[in-house]
Amino acid sequence: MAVGKNKRISKGKKGGKKKASDPFAKKDWYDIKAPSIFNVRNVGKTLVSRTQGTKIASEGLKSRVIEASLADLQNDEDQHFRKIRLRVEDVQGRNVLTNFWGMDFTTDKLKSLVRKWQSLIEAHVDVKTTDGYTLRMFCIAFTKRRPNQVKRTTYAQSSQIRQIRARMREIMIKEASSCDLKDLVAKFIPESIGKEIEKATQSIYPLQNVYIRKVKILKAPKFDLSKLMEVHGDYSEDKGMKVDRPVEEMIVEEAEVVGA
């Protein structure tokens, strides 16, 4: 090797090493607030980059979809198989206000319902609520044995399945189109629609495990802050509590001021 050549071997990389900065130092935590329909209002926290130039933090948070278990939202372990989707609609201070954006079942629950020797009946329908939300609702049901039945299987005939499916659609449309989104979500939680379908189809073929297994929001109306505040009910920012100071402390402070 010629002397004086390849001088850069001994030196470091050109431009020097960039100082590694912590990406979390430029981010802020926000509290996620669920609508007042649910018992637990604090869903959790979410992270977003601070406002910098034209990039506004609140814009980065809006339209985020959060998935939470209904068991956590209702403090009820029996509801563990339902997943609720909440979408961020508005940001107020350090609080993120959400609204209902869909519902689903966990895979393990769906698989545990499907068994041999019975018929599975499914139906779906697109429906519009009174406040302008267009939803697609999916219903699932299974046939069950009649009282004193000896036969091992409980298969429904295709004509009976068609009748049950029509009755399912009819009830779902009736229940969803007569109320707003808030009232409809209140019907999903105790599964009142499923119970009504089970009662209405008893004369065709007895059913069991009737659920609204999935809800999708296809179209939402234009954002309205007053309606969102209605959904959040008595929401108010946490401004802390007023604390009464002991009288002795106040007397001591006054005495100091006079002495000065």
# chains A, B, ... in the order shown; residues from 1 in each chain; ligands from 1
>>> select_by_dssp(residues="stretch 17-136 of chain A", states="strand (DSSP E or B)", output="JSON, numbers by chain")
{"A": [27, 28, 29, 30, 31, 32, 33, 42, 43, 44, 45, 46, 47, 48, 49, 52, 55, 65, 66, 67, 68, 69, 82, 83, 84, 85, 86, 87, 88, 89, 90, 91, 92, 95, 96, 97, 98, 99, 100, 101, 102, 103, 104, 105, 118, 120, 121, 122, 123, 124, 125, 126, 127, 128, 134, 135, 136]}
>>> select_by_dssp(residues="stretch 162-216 of chain A", states="helix (DSSP H, G or I)", output="count of residues only")
33
>>> atom_distance(atom1="atom CA of A:Met168", atom2="atom CA of A:Tyr155")
18.1 Å
>>> closest_residue(among="A:Gln118, A:Ser58, A:Asn39, A:Thr51", to="A:Asp76", atoms="only C-alpha atoms")
A:Asn39
>>> closest_atom_pairs(of="stretch 148-217 of chain A", to="stretch 78-89 of chain A", cutoff="10 Å", atoms="only C-alpha atoms", output="CSV")
residue,atom,partner,partner_atom,distance
A:Ile189,CA,A:Gln79,CA,8.5
A:Pro190,CA,A:Gln79,CA,9.2
A:Arg213,CA,A:Arg82,CA,8.3
A:Lys214,CA,A:Arg82,CA,9.1
A:Val215,CA,A:Ile84,CA,9.4
A:Lys216,CA,A:Arg85,CA,9.5
>>> write_last_selection(atoms="C-alpha atoms", output="PDB file, in the first residue's frame")
ATOM      1  CA  ILE A 189     -75.240  -4.524  25.768  1.00  0.00           C
ATOM      2  CA  PRO A 190     -77.934  -6.727  27.430  1.00  0.00           C
ATOM      3  CA  ARG A 213     -72.572 -10.945  16.613  1.00  0.00           C
ATOM      4  CA  LYS A 214     -71.252  -7.974  14.627  1.00  0.00           C
ATOM      5  CA  VAL A 215     -72.112  -4.334  13.923  1.00  0.00           C
ATOM      6  CA  LYS A 216     -70.362  -2.192  11.316  1.00  0.00           C
TER       7      LYS A 216
END
